[in-house]
file coords.pdb (PDB, C-alpha atoms)
MODEL        1
ATOM      1  CA  ASP B   1       5.550   1.142  14.877  1.00  0.00           C
ATOM      2  CA  SER B   2       3.795   3.443  12.385  1.00  0.00           C
ATOM      3  CA  GLY B   3       1.401   4.900  14.940  1.00  0.00           C
ATOM      4  CA  VAL B   4      -1.639   3.593  13.057  1.00  0.00           C
ATOM      5  CA  THR B   5      -3.635   1.083  15.074  1.00  0.00           C
ATOM      6  CA  GLN B   6      -5.924  -1.499  13.553  1.00  0.00           C
ATOM      7  CA  THR B   7      -8.238  -3.863  15.398  1.00  0.00           C
ATOM      8  CA  PRO B   8      -8.770  -6.715  15.410  1.00  0.00           C
ATOM      9  CA  LYS B   9      -5.549  -8.255  14.104  1.00  0.00           C
ATOM     10  CA  HIS B  10      -7.289 -11.434  13.033  1.00  0.00           C
ATOM     11  CA  LEU B  11     -10.905 -12.180  12.261  1.00  0.00           C
ATOM     12  CA  ILE B  12     -12.540 -15.420  11.191  1.00  0.00           C
ATOM     13  CA  THR B  13     -16.151 -15.362  10.117  1.00  0.00           C
ATOM     14  CA  ALA B  14     -18.622 -17.265   7.993  1.00  0.00           C
ATOM     15  CA  THR B  15     -19.935 -16.438   4.545  1.00  0.00           C
ATOM     16  CA  GLY B  16     -22.894 -14.109   4.580  1.00  0.00           C
ATOM     17  CA  GLN B  17     -21.835 -12.409   7.794  1.00  0.00           C
ATOM     18  CA  ARG B  18     -20.946  -8.776   8.424  1.00  0.00           C
ATOM     19  CA  VAL B  19     -17.803  -7.480  10.144  1.00  0.00           C
ATOM     20  CA  THR B  20     -16.402  -4.116  11.158  1.00  0.00           C
ATOM     21  CA  LEU B  21     -12.728  -3.290  11.031  1.00  0.00           C
ATOM     22  CA  ARG B  22     -11.461  -0.375  13.044  1.00  0.00           C
ATOM     23  CA  CYS B  23      -8.600   2.026  12.467  1.00  0.00           C
ATOM     24  CA  SER B  24      -7.103   4.721  14.693  1.00  0.00           C
ATOM     25  CA  PRO B  25      -4.887   7.071  12.677  1.00  0.00           C
ATOM     26  CA  ARG B  26      -1.653   8.662  13.842  1.00  0.00           C
ATOM     27  CA  SER B  27      -2.153  11.610  16.127  1.00  0.00           C
ATOM     28  CA  GLY B  28      -2.697  14.703  14.007  1.00  0.00           C
ATOM     29  CA  ASP B  29      -3.441  12.879  10.763  1.00  0.00           C
ATOM     30  CA  LEU B  30      -6.651  13.943   9.056  1.00  0.00           C
ATOM     31  CA  SER B  31      -6.703  11.418   6.219  1.00  0.00           C
ATOM     32  CA  VAL B  32      -7.488   7.746   6.510  1.00  0.00           C
ATOM     33  CA  TYR B  33      -7.238   5.182   3.739  1.00  0.00           C
ATOM     34  CA  TRP B  34      -8.314   1.585   3.419  1.00  0.00           C
ATOM     35  CA  TYR B  35      -6.614  -1.037   1.272  1.00  0.00           C
ATOM     36  CA  GLN B  36      -7.249  -4.693   0.547  1.00  0.00           C
ATOM     37  CA  GLN B  37      -4.361  -7.090  -0.059  1.00  0.00           C
ATOM     38  CA  SER B  38      -5.224 -10.494  -1.459  1.00  0.00           C
ATOM     39  CA  LEU B  39      -3.183 -13.182  -3.143  1.00  0.00           C
ATOM     40  CA  ASP B  40      -4.931 -12.854  -6.484  1.00  0.00           C
ATOM     41  CA  GLN B  41      -5.546  -9.098  -6.658  1.00  0.00           C
ATOM     42  CA  GLY B  42      -2.528  -7.729  -4.849  1.00  0.00           C
ATOM     43  CA  LEU B  43      -2.742  -4.470  -2.953  1.00  0.00           C
ATOM     44  CA  GLN B  44      -5.762  -2.387  -3.914  1.00  0.00           C
ATOM     45  CA  PHE B  45      -6.898   1.015  -2.770  1.00  0.00           C
ATOM     46  CA  LEU B  46     -10.465   0.961  -1.478  1.00  0.00           C
ATOM     47  CA  ILE B  47     -11.375   4.379  -0.155  1.00  0.00           C
ATOM     48  CA  GLN B  48     -10.012   7.573   1.394  1.00  0.00           C
ATOM     49  CA  TYR B  49     -11.512   9.938   3.952  1.00  0.00           C
ATOM     50  CA  TYR B  50     -10.235  13.364   4.838  1.00  0.00           C
ATOM     51  CA  ASN B  51     -11.482  15.017   8.017  1.00  0.00           C
ATOM     52  CA  GLY B  52     -14.696  13.040   7.962  1.00  0.00           C
ATOM     53  CA  GLU B  53     -15.487  13.415   4.274  1.00  0.00           C
ATOM     54  CA  GLU B  54     -14.999  10.883   1.517  1.00  0.00           C
ATOM     55  CA  ARG B  55     -12.113  12.074  -0.662  1.00  0.00           C
ATOM     56  CA  ALA B  56     -11.384   9.302  -3.161  1.00  0.00           C
ATOM     57  CA  LYS B  57     -12.872   5.969  -4.043  1.00  0.00           C
ATOM     58  CA  GLY B  58     -11.123   2.994  -5.562  1.00  0.00           C
ATOM     59  CA  ASN B  59     -12.103  -0.613  -6.091  1.00  0.00           C
ATOM     60  CA  ILE B  60     -14.540  -0.814  -3.206  1.00  0.00           C
ATOM     61  CA  LEU B  61     -17.445  -3.206  -3.572  1.00  0.00           C
ATOM     62  CA  GLU B  62     -21.002  -2.046  -2.872  1.00  0.00           C
ATOM     63  CA  ARG B  63     -21.125  -4.588  -0.021  1.00  0.00           C
ATOM     64  CA  PHE B  64     -18.346  -2.623   1.665  1.00  0.00           C
ATOM     65  CA  SER B  65     -18.692   0.770   3.286  1.00  0.00           C
ATOM     66  CA  ALA B  66     -16.548   2.997   5.422  1.00  0.00           C
ATOM     67  CA  GLN B  67     -16.794   6.109   7.495  1.00  0.00           C
ATOM     68  CA  GLN B  68     -14.567   8.451   9.425  1.00  0.00           C
ATOM     69  CA  PHE B  69     -15.843   9.721  12.743  1.00  0.00           C
ATOM     70  CA  PRO B  70     -15.400  13.166  14.350  1.00  0.00           C
ATOM     71  CA  ASP B  71     -12.512  11.823  16.438  1.00  0.00           C
ATOM     72  CA  LEU B  72     -10.939  10.796  13.072  1.00  0.00           C
ATOM     73  CA  HIS B  73     -10.970   7.075  13.664  1.00  0.00           C
ATOM     74  CA  SER B  74     -12.411   5.060  10.826  1.00  0.00           C
ATOM     75  CA  GLU B  75     -14.366   1.878  10.368  1.00  0.00           C
ATOM     76  CA  LEU B  76     -14.620  -0.381   7.356  1.00  0.00           C
ATOM     77  CA  ASN B  77     -17.802  -2.420   7.217  1.00  0.00           C
ATOM     78  CA  LEU B  78     -17.865  -5.572   5.129  1.00  0.00           C
ATOM     79  CA  SER B  79     -21.214  -7.278   4.636  1.00  0.00           C
ATOM     80  CA  SER B  80     -22.604 -10.377   2.921  1.00  0.00           C
ATOM     81  CA  LEU B  81     -19.119 -11.779   3.119  1.00  0.00           C
ATOM     82  CA  GLU B  82     -17.876 -14.181   0.481  1.00  0.00           C
ATOM     83  CA  LEU B  83     -14.918 -16.533   0.489  1.00  0.00           C
ATOM     84  CA  GLY B  84     -13.154 -14.188  -1.915  1.00  0.00           C
ATOM     85  CA  ASP B  85     -13.219 -11.391   0.642  1.00  0.00           C
ATOM     86  CA  SER B  86     -10.579 -13.218   2.652  1.00  0.00           C
ATOM     87  CA  ALA B  87      -7.612 -10.869   2.628  1.00  0.00           C
ATOM     88  CA  LEU B  88      -5.454  -8.513   4.619  1.00  0.00           C
ATOM     89  CA  TYR B  89      -7.114  -5.152   5.123  1.00  0.00           C
ATOM     90  CA  PHE B  90      -4.813  -2.242   5.763  1.00  0.00           C
ATOM     91  CA  CYS B  91      -5.576   1.189   7.052  1.00  0.00           C
ATOM     92  CA  ALA B  92      -3.175   4.065   6.482  1.00  0.00           C
ATOM     93  CA  SER B  93      -3.190   7.677   7.567  1.00  0.00           C
ATOM     94  CA  SER B  94      -1.516  10.907   6.609  1.00  0.00           C
ATOM     95  CA  VAL B  95      -1.586  14.549   7.574  1.00  0.00           C
ATOM     96  CA  GLY B  96      -2.835  15.794   4.231  1.00  0.00           C
ATOM     97  CA  GLY B  97      -5.032  14.224   1.613  1.00  0.00           C
ATOM     98  CA  GLY B  98      -3.110  14.809  -1.589  1.00  0.00           C
ATOM     99  CA  MET B  99      -1.302  12.222  -3.605  1.00  0.00           C
ATOM    100  CA  ASN B 100       2.195  13.166  -2.466  1.00  0.00           C
ATOM    101  CA  THR B 101       1.599  13.159   1.249  1.00  0.00           C
ATOM    102  CA  GLU B 102       3.306  10.215   2.905  1.00  0.00           C
ATOM    103  CA  ALA B 103       0.874   7.628   4.206  1.00  0.00           C
ATOM    104  CA  PHE B 104       1.685   5.440   7.194  1.00  0.00           C
ATOM    105  CA  PHE B 105       0.218   1.951   7.272  1.00  0.00           C
ATOM    106  CA  GLY B 106      -1.085  -0.066  10.168  1.00  0.00           C
ATOM    107  CA  GLN B 107      -0.243  -3.717  10.588  1.00  0.00           C
ATOM    108  CA  GLY B 108      -3.479  -4.854   9.046  1.00  0.00           C
ATOM    109  CA  THR B 109      -6.449  -7.030   9.898  1.00  0.00           C
ATOM    110  CA  ARG B 110      -6.359 -10.515   8.462  1.00  0.00           C
ATOM    111  CA  LEU B 111      -9.895 -11.530   7.544  1.00  0.00           C
ATOM    112  CA  THR B 112     -10.665 -15.157   6.869  1.00  0.00           C
ATOM    113  CA  VAL B 113     -14.104 -16.038   5.545  1.00  0.00           C
ATOM    114  CA  VAL B 114     -15.010 -19.704   5.890  1.00  0.00           C
TER     115      VAL B 114
ATOM    116  CA  GLY N   1      -1.261  -9.721  -9.656  1.00  0.00           C
ATOM    117  CA  GLU N   2       0.027 -11.370  -6.537  1.00  0.00           C
ATOM    118  CA  SER N   3       1.306  -9.432  -3.559  1.00  0.00           C
ATOM    119  CA  VAL N   4       2.686 -11.199  -0.554  1.00  0.00           C
ATOM    120  CA  GLY N   5       1.746 -14.629  -1.726  1.00  0.00           C
ATOM    121  CA  LEU N   6       3.993 -17.560  -2.349  1.00  0.00           C
ATOM    122  CA  HIS N   7       4.469 -17.004  -6.068  1.00  0.00           C
ATOM    123  CA  LEU N   8       5.956 -13.541  -6.237  1.00  0.00           C
ATOM    124  CA  PRO N   9       8.979 -13.019  -8.440  1.00  0.00           C
ATOM    125  CA  THR N  10      12.009 -13.310  -6.197  1.00  0.00           C
ATOM    126  CA  LEU N  11      15.345 -11.577  -6.368  1.00  0.00           C
ATOM    127  CA  SER N  12      18.142 -13.145  -4.350  1.00  0.00           C
ATOM    128  CA  VAL N  13      21.272 -11.101  -3.696  1.00  0.00           C
ATOM    129  CA  GLN N  14      24.348 -11.534  -1.568  1.00  0.00           C
ATOM    130  CA  GLU N  15      24.676  -9.295   1.446  1.00  0.00           C
ATOM    131  CA  GLY N  16      26.729  -6.271   0.488  1.00  0.00           C
ATOM    132  CA  ASP N  17      25.840  -6.419  -3.198  1.00  0.00           C
ATOM    133  CA  ASN N  18      23.600  -3.899  -4.939  1.00  0.00           C
ATOM    134  CA  SER N  19      19.990  -4.842  -5.716  1.00  0.00           C
ATOM    135  CA  ILE N  20      17.892  -3.663  -8.620  1.00  0.00           C
ATOM    136  CA  ILE N  21      14.151  -4.190  -8.524  1.00  0.00           C
ATOM    137  CA  ASN N  22      12.125  -3.385 -11.607  1.00  0.00           C
ATOM    138  CA  CYS N  23       8.534  -2.358 -12.156  1.00  0.00           C
ATOM    139  CA  ALA N  24       6.488  -1.731 -15.271  1.00  0.00           C
ATOM    140  CA  TYR N  25       3.660   0.708 -14.705  1.00  0.00           C
ATOM    141  CA  SER N  26       0.477   0.788 -16.667  1.00  0.00           C
ATOM    142  CA  ASN N  27      -0.780   4.338 -17.134  1.00  0.00           C
ATOM    143  CA  SER N  28       1.145   6.789 -19.282  1.00  0.00           C
ATOM    144  CA  ALA N  29      -0.789   9.595 -17.566  1.00  0.00           C
ATOM    145  CA  SER N  30       0.667   8.686 -14.156  1.00  0.00           C
ATOM    146  CA  ASP N  31       2.850  11.447 -12.826  1.00  0.00           C
ATOM    147  CA  TYR N  32       3.801  10.329  -9.356  1.00  0.00           C
ATOM    148  CA  PHE N  33       5.389   7.083  -8.224  1.00  0.00           C
ATOM    149  CA  ILE N  34       6.291   5.514  -4.908  1.00  0.00           C
ATOM    150  CA  TRP N  35       8.290   2.470  -3.885  1.00  0.00           C
ATOM    151  CA  TYR N  36       7.045   0.643  -0.807  1.00  0.00           C
ATOM    152  CA  LYS N  37       8.697  -2.019   1.304  1.00  0.00           C
ATOM    153  CA  GLN N  38       6.587  -4.623   3.064  1.00  0.00           C
ATOM    154  CA  GLU N  39       8.158  -6.867   5.660  1.00  0.00           C
ATOM    155  CA  SER N  40       6.486 -10.054   6.770  1.00  0.00           C
ATOM    156  CA  GLY N  41       3.527  -9.359   9.034  1.00  0.00           C
ATOM    157  CA  LYS N  42       3.667  -5.607   8.533  1.00  0.00           C
ATOM    158  CA  GLY N  43       2.010  -2.989   6.420  1.00  0.00           C
ATOM    159  CA  PRO N  44       3.739  -1.317   3.470  1.00  0.00           C
ATOM    160  CA  GLN N  45       6.311   1.321   4.321  1.00  0.00           C
ATOM    161  CA  PHE N  46       7.214   4.296   2.130  1.00  0.00           C
ATOM    162  CA  ILE N  47      10.774   4.164   0.796  1.00  0.00           C
ATOM    163  CA  ILE N  48      11.128   6.822  -1.871  1.00  0.00           C
ATOM    164  CA  ASP N  49       9.021   8.714  -4.370  1.00  0.00           C
ATOM    165  CA  ILE N  50       9.566  10.410  -7.704  1.00  0.00           C
ATOM    166  CA  ARG N  51       7.567  12.763  -9.879  1.00  0.00           C
ATOM    167  CA  SER N  52       7.307  12.354 -13.621  1.00  0.00           C
ATOM    168  CA  ASN N  53       9.358  15.510 -14.261  1.00  0.00           C
ATOM    169  CA  MET N  54      12.399  13.713 -12.851  1.00  0.00           C
ATOM    170  CA  ASP N  55      14.429  10.763 -14.144  1.00  0.00           C
ATOM    171  CA  LYS N  56      16.264   9.935 -10.972  1.00  0.00           C
ATOM    172  CA  ARG N  57      15.981  10.517  -7.275  1.00  0.00           C
ATOM    173  CA  GLN N  58      18.306   9.393  -4.535  1.00  0.00           C
ATOM    174  CA  GLY N  59      17.681   8.631  -0.903  1.00  0.00           C
ATOM    175  CA  GLN N  60      19.687   6.940   1.762  1.00  0.00           C
ATOM    176  CA  ARG N  61      21.126   3.830   0.052  1.00  0.00           C
ATOM    177  CA  VAL N  62      18.246   3.846  -2.429  1.00  0.00           C
ATOM    178  CA  THR N  63      17.853   5.322  -5.881  1.00  0.00           C
ATOM    179  CA  VAL N  64      14.735   5.353  -8.027  1.00  0.00           C
ATOM    180  CA  LEU N  65      14.997   5.638 -11.800  1.00  0.00           C
ATOM    181  CA  LEU N  66      12.068   6.529 -14.015  1.00  0.00           C
ATOM    182  CA  ASN N  67      11.894   5.883 -17.736  1.00  0.00           C
ATOM    183  CA  LYS N  68       8.650   7.383 -18.991  1.00  0.00           C
ATOM    184  CA  THR N  69       9.261   6.311 -22.565  1.00  0.00           C
ATOM    185  CA  VAL N  70       8.896   2.655 -21.699  1.00  0.00           C
ATOM    186  CA  LYS N  71       6.858   3.151 -18.514  1.00  0.00           C
ATOM    187  CA  HIS N  72       9.472   1.598 -16.297  1.00  0.00           C
ATOM    188  CA  LEU N  73      10.618   2.223 -12.751  1.00  0.00           C
ATOM    189  CA  SER N  74      13.515   0.709 -10.939  1.00  0.00           C
ATOM    190  CA  LEU N  75      14.651   0.735  -7.341  1.00  0.00           C
ATOM    191  CA  GLN N  76      18.322   0.355  -6.642  1.00  0.00           C
ATOM    192  CA  ILE N  77      19.462  -0.576  -3.161  1.00  0.00           C
ATOM    193  CA  ALA N  78      23.144  -0.131  -2.451  1.00  0.00           C
ATOM    194  CA  ALA N  79      25.071  -2.493  -0.175  1.00  0.00           C
ATOM    195  CA  THR N  80      22.055  -4.679   0.483  1.00  0.00           C
ATOM    196  CA  GLN N  81      21.621  -5.734   4.097  1.00  0.00           C
ATOM    197  CA  PRO N  82      19.653  -8.571   5.714  1.00  0.00           C
ATOM    198  CA  GLY N  83      17.123  -6.013   6.936  1.00  0.00           C
ATOM    199  CA  ASP N  84      16.316  -5.217   3.319  1.00  0.00           C
ATOM    200  CA  SER N  85      14.667  -8.618   2.882  1.00  0.00           C
ATOM    201  CA  ALA N  86      11.040  -7.852   2.126  1.00  0.00           C
ATOM    202  CA  VAL N  87       8.506  -7.500  -0.667  1.00  0.00           C
ATOM    203  CA  TYR N  88       8.884  -4.310  -2.683  1.00  0.00           C
ATOM    204  CA  PHE N  89       5.994  -2.655  -4.523  1.00  0.00           C
ATOM    205  CA  CYS N  90       5.902   0.189  -6.948  1.00  0.00           C
ATOM    206  CA  ALA N  91       2.791   2.348  -6.997  1.00  0.00           C
ATOM    207  CA  GLU N  92       1.594   4.915  -9.540  1.00  0.00           C
ATOM    208  CA  ASN N  93      -0.828   7.780  -9.273  1.00  0.00           C
ATOM    209  CA  ARG N  94      -1.783  11.018 -10.971  1.00  0.00           C
ATOM    210  CA  GLU N  95      -2.701  14.476  -9.826  1.00  0.00           C
ATOM    211  CA  GLY N  96      -6.279  14.849  -8.686  1.00  0.00           C
ATOM    212  CA  TYR N  97      -6.742  11.269  -7.563  1.00  0.00           C
ATOM    213  CA  GLY N  98      -5.810  11.661  -3.908  1.00  0.00           C
ATOM    214  CA  GLN N  99      -4.193   8.505  -2.641  1.00  0.00           C
ATOM    215  CA  ASN N 100      -5.813   6.274  -5.260  1.00  0.00           C
ATOM    216  CA  PHE N 101      -2.572   4.513  -6.048  1.00  0.00           C
ATOM    217  CA  VAL N 102      -2.336   1.536  -8.374  1.00  0.00           C
ATOM    218  CA  PHE N 103       0.138  -0.977  -7.036  1.00  0.00           C
ATOM    219  CA  GLY N 104       2.385  -3.358  -8.911  1.00  0.00           C
ATOM    220  CA  PRO N 105       2.408  -7.056  -8.038  1.00  0.00           C
ATOM    221  CA  GLY N 106       5.576  -6.847  -5.952  1.00  0.00           C
ATOM    222  CA  THR N 107       8.996  -8.467  -5.916  1.00  0.00           C
ATOM    223  CA  ARG N 108      10.371 -10.463  -3.014  1.00  0.00           C
ATOM    224  CA  LEU N 109      13.959  -9.522  -2.170  1.00  0.00           C
ATOM    225  CA  SER N 110      15.913 -12.209  -0.368  1.00  0.00           C
ATOM    226  CA  VAL N 111      19.308 -11.266   1.024  1.00  0.00           C
ATOM    227  CA  LEU N 112      21.732 -14.157   1.303  1.00  0.00           C
ATOM    228  CA  PRO N 113      24.407 -14.170   4.024  1.00  0.00           C
TER     229      PRO N 113
ENDMDL
END
call {"tool": "encode", "arguments": {"input": "coords.pdb", "output": "structure tokens"}}
result
Amino acid sequence: DSGVTQTPKHLITATGQRVTLRCSPRSGDLSVYWYQQSLDQGLQFLIQYYNGEERAKGNILERFSAQQFPDLHSELNLSSLELGDSALYFCASSVGGGMNTEAFFGQGTRLTVV
Amino acid sequence: GESVGLHLPTLSVQEGDNSIINCAYSNSASDYFIWYKQESGKGPQFIIDIRSNMDKRQGQRVTVLLNKTVKHLSLQIAATQPGDSAVYFCAENREGYGQNFVFGPGTRLSVLP
């Protein structure tokens, strides 16, 4: 167990809908990261927050947004969902925010858009 | 590229043999690299990292080799065990980009009894 908790584990929703994925980082970790893992695109970095502030942005669509709250948990909001958004969404956390700080991954949320 | 899908390149090795997993990275400016292991139903797990000022780094039963000339990384696992069965990803990054890693497509390692 990495100490990173993601809910829900599975989510099935229809196209056009909006969902929120939640992540609780390891105790003491200030950075949270979101990744998308799909069959055709592989594992892709979406966005990073450090102590409530956006730190780095990757291949995150405009329909997607995230935030990190004062208690350091994070939410990833996915809207106007399309079939192609079906994927595993991982959250990771680390103490620091630099590139060589080890990130610990949660078990992921499997999103299925039908 | 594919990740944990059905069509990943697969490496099958006998238990006890050494495994070598290869990765070609894309950006010659990348200066930091990580190998991750992803078991079925789990998130990626850090195995070992290496900076671009090194050619080789060793961990417990694992060694990473970096060849910057041809932009190639390899992960060597000594005395492969059944618990090593997983998908292995390389990831590259460069200073100033936080955790904005670019991941390779992955290789599935299957350990045969």
call {"tool": "closest_residue", "arguments": {"input": "coords.pdb", "among": "N:Phe101, N:Lys42, N:Val64, N:Arg94", "to": "Thr109 in chain B", "atoms": "all atoms listed in the file"}}
result
N:Lys42
call {"tool": "resolve_selection", "arguments": {"input": "coords.pdb", "expression": "the PyMOL selection byres ((chain N and resi 16) around 8)", "output": "VMD selection string"}}
result
chain N and resid 14 to 15 17 to 18 78 to 81
call {"tool": "residues_around", "arguments": {"input": "coords.pdb", "residues": "Gly52 in chain B", "least_positions_apart": "6", "cutoff": "12 Å", "atoms": "all atoms listed in the file", "output": "JSON, numbers by chain"}}
result
{"B": [29, 30, 31, 32, 33, 66, 67, 68, 69, 70, 71, 72, 73, 74, 75, 97]}
call {"tool": "residues_around", "arguments": {"input": "coords.pdb", "residues": "Thr101 in chain B", "least_positions_apart": "2", "cutoff": "12 Å", "atoms": "all atoms listed in the file", "output": "number ranges by chain"}}
result
B: 29-32, 92-99, 103-104; N: 32-34, 46, 48-49, 95, 98-99
call {"tool": "axis_aligned_box", "arguments": {"input": "coords.pdb", "around": "range 40-56 of chain B", "padding_each_side": "4 Å", "output": "JSON"}}
result
{"center_x": -9.0, "center_y": 1.1, "center_z": 0.7, "size_x": 21.0, "size_y": 35.9, "size_z": 22.7}
call {"tool": "closest_atom_pairs", "arguments": {"input": "coords.pdb", "of": "chain B", "to": "chain N", "cutoff": "6 Å", "atoms": "all atoms listed in the file", "output": "tab-separated table"}}
result
residue	atom	partner	partner_atom	distance
B:Leu39	CA	N:Glu2	CA	5.0
B:Asp40	CA	N:Glu2	CA	5.2
B:Gln41	CA	N:Gly1	CA	5.3
B:Gly42	CA	N:Ser3	CA	4.4
B:Phe45	CA	N:Asn100	CA	5.9
B:Gly98	CA	N:Gly98	CA	4.8
B:Met99	CA	N:Gly98	CA	4.6
B:Phe105	CA	N:Gly43	CA	5.3
B:Gly106	CA	N:Gly43	CA	5.7
B:Gln107	CA	N:Gly43	CA	4.8
call {"tool": "atom_distance", "arguments": {"input": "coords.pdb", "atom1": "CA of Gly28 in chain B", "atom2": "CA of Gly108 in chain B"}}
result
20.2 Å
call {"tool": "residues_around", "arguments": {"input": "coords.pdb", "residues": "Leu11 in chain B", "least_positions_apart": "4", "cutoff": "9 Å", "atoms": "all atoms listed in the file", "output": "list in words"}}
result
Val19, Thr109, Arg110, Leu111, Thr112 and Val113 of chain B
call {"tool": "residues_near_point", "arguments": {"input": "coords.pdb", "point": "(-22.8, -17.2, 7.8)", "cutoff": "12 Å", "atoms": "all atoms listed in the file", "output": "PyMOL selection string"}}
result
chain B and resi 12-19+79-83+113-114
call {"tool": "build_atoms", "arguments": {"input": "coords.pdb", "residues": "range 35-42 of chain B", "atoms": "all heavy atoms", "output": "mmCIF file, in the frame of the given file"}}
result
data_model
loop_
_atom_site.group_PDB
_atom_site.id
_atom_site.type_symbol
_atom_site.label_atom_id
_atom_site.label_comp_id
_atom_site.auth_asym_id
_atom_site.auth_seq_id
_atom_site.Cartn_x
_atom_site.Cartn_y
_atom_site.Cartn_z
ATOM 1 N N TYR B 35 -7.132 -0.233 2.369
ATOM 2 C CA TYR B 35 -6.614 -1.037 1.272
ATOM 3 C C TYR B 35 -6.941 -2.507 1.540
ATOM 4 O O TYR B 35 -7.014 -2.945 2.677
ATOM 5 C CB TYR B 35 -5.095 -0.923 1.149
ATOM 6 C CG TYR B 35 -4.594 0.452 0.847
ATOM 7 C CD1 TYR B 35 -4.392 1.377 1.857
ATOM 8 C CD2 TYR B 35 -4.301 0.820 -0.458
ATOM 9 C CE1 TYR B 35 -3.912 2.647 1.582
ATOM 10 C CE2 TYR B 35 -3.817 2.084 -0.751
ATOM 11 C CZ TYR B 35 -3.620 2.986 0.275
ATOM 12 O OH TYR B 35 -3.162 4.240 -0.004
ATOM 13 N N GLN B 36 -7.076 -3.253 0.454
ATOM 14 C CA GLN B 36 -7.249 -4.693 0.547
ATOM 15 C C GLN B 36 -6.043 -5.356 -0.120
ATOM 16 O O GLN B 36 -5.634 -4.934 -1.218
ATOM 17 C CB GLN B 36 -8.531 -5.123 -0.173
ATOM 18 C CG GLN B 36 -8.790 -6.615 -0.135
ATOM 19 C CD GLN B 36 -9.865 -7.033 -1.138
ATOM 20 O OE1 GLN B 36 -9.735 -6.834 -2.327
ATOM 21 N NE2 GLN B 36 -10.947 -7.608 -0.633
ATOM 22 N N GLN B 37 -5.479 -6.353 0.531
ATOM 23 C CA GLN B 37 -4.361 -7.090 -0.059
ATOM 24 C C GLN B 37 -4.713 -8.576 -0.097
ATOM 25 O O GLN B 37 -4.828 -9.221 0.938
ATOM 26 C CB GLN B 37 -3.076 -6.870 0.730
ATOM 27 C CG GLN B 37 -1.851 -7.468 0.066
ATOM 28 C CD GLN B 37 -0.572 -7.091 0.778
ATOM 29 O OE1 GLN B 37 -0.476 -7.159 2.000
ATOM 30 N NE2 GLN B 37 0.432 -6.680 0.017
ATOM 31 N N SER B 38 -4.904 -9.081 -1.298
ATOM 32 C CA SER B 38 -5.224 -10.494 -1.459
ATOM 33 C C SER B 38 -4.202 -11.137 -2.384
ATOM 34 O O SER B 38 -3.487 -10.449 -3.107
ATOM 35 C CB SER B 38 -6.633 -10.670 -2.030
ATOM 36 O OG SER B 38 -6.716 -10.072 -3.315
ATOM 37 N N LEU B 39 -4.173 -12.463 -2.342
ATOM 38 C CA LEU B 39 -3.183 -13.182 -3.143
ATOM 39 C C LEU B 39 -3.413 -12.980 -4.639
ATOM 40 O O LEU B 39 -2.477 -12.851 -5.408
ATOM 41 C CB LEU B 39 -3.211 -14.669 -2.803
ATOM 42 C CG LEU B 39 -2.565 -15.053 -1.477
ATOM 43 C CD1 LEU B 39 -2.752 -16.531 -1.211
ATOM 44 C CD2 LEU B 39 -1.098 -14.673 -1.457
ATOM 45 N N ASP B 40 -4.681 -12.924 -5.044
ATOM 46 C CA ASP B 40 -4.931 -12.854 -6.484
ATOM 47 C C ASP B 40 -5.031 -11.432 -7.023
ATOM 48 O O ASP B 40 -4.758 -11.200 -8.197
ATOM 49 C CB ASP B 40 -6.186 -13.657 -6.843
ATOM 50 C CG ASP B 40 -7.413 -13.160 -6.098
ATOM 51 O OD1 ASP B 40 -7.244 -12.405 -5.117
ATOM 52 O OD2 ASP B 40 -8.538 -13.518 -6.481
ATOM 53 N N GLN B 41 -5.380 -10.480 -6.179
ATOM 54 C CA GLN B 41 -5.546 -9.098 -6.658
ATOM 55 C C GLN B 41 -4.441 -8.165 -6.203
ATOM 56 O O GLN B 41 -4.375 -7.020 -6.630
ATOM 57 C CB GLN B 41 -6.899 -8.533 -6.187
ATOM 58 C CG GLN B 41 -8.095 -9.245 -6.765
ATOM 59 C CD GLN B 41 -8.251 -8.997 -8.238
ATOM 60 O OE1 GLN B 41 -7.949 -7.912 -8.744
ATOM 61 N NE2 GLN B 41 -8.687 -9.998 -8.972
ATOM 62 N N GLY B 42 -3.579 -8.610 -5.338
ATOM 63 C CA GLY B 42 -2.528 -7.729 -4.849
ATOM 64 C C GLY B 42 -3.082 -6.664 -3.925
ATOM 65 O O GLY B 42 -4.145 -6.815 -3.332
#
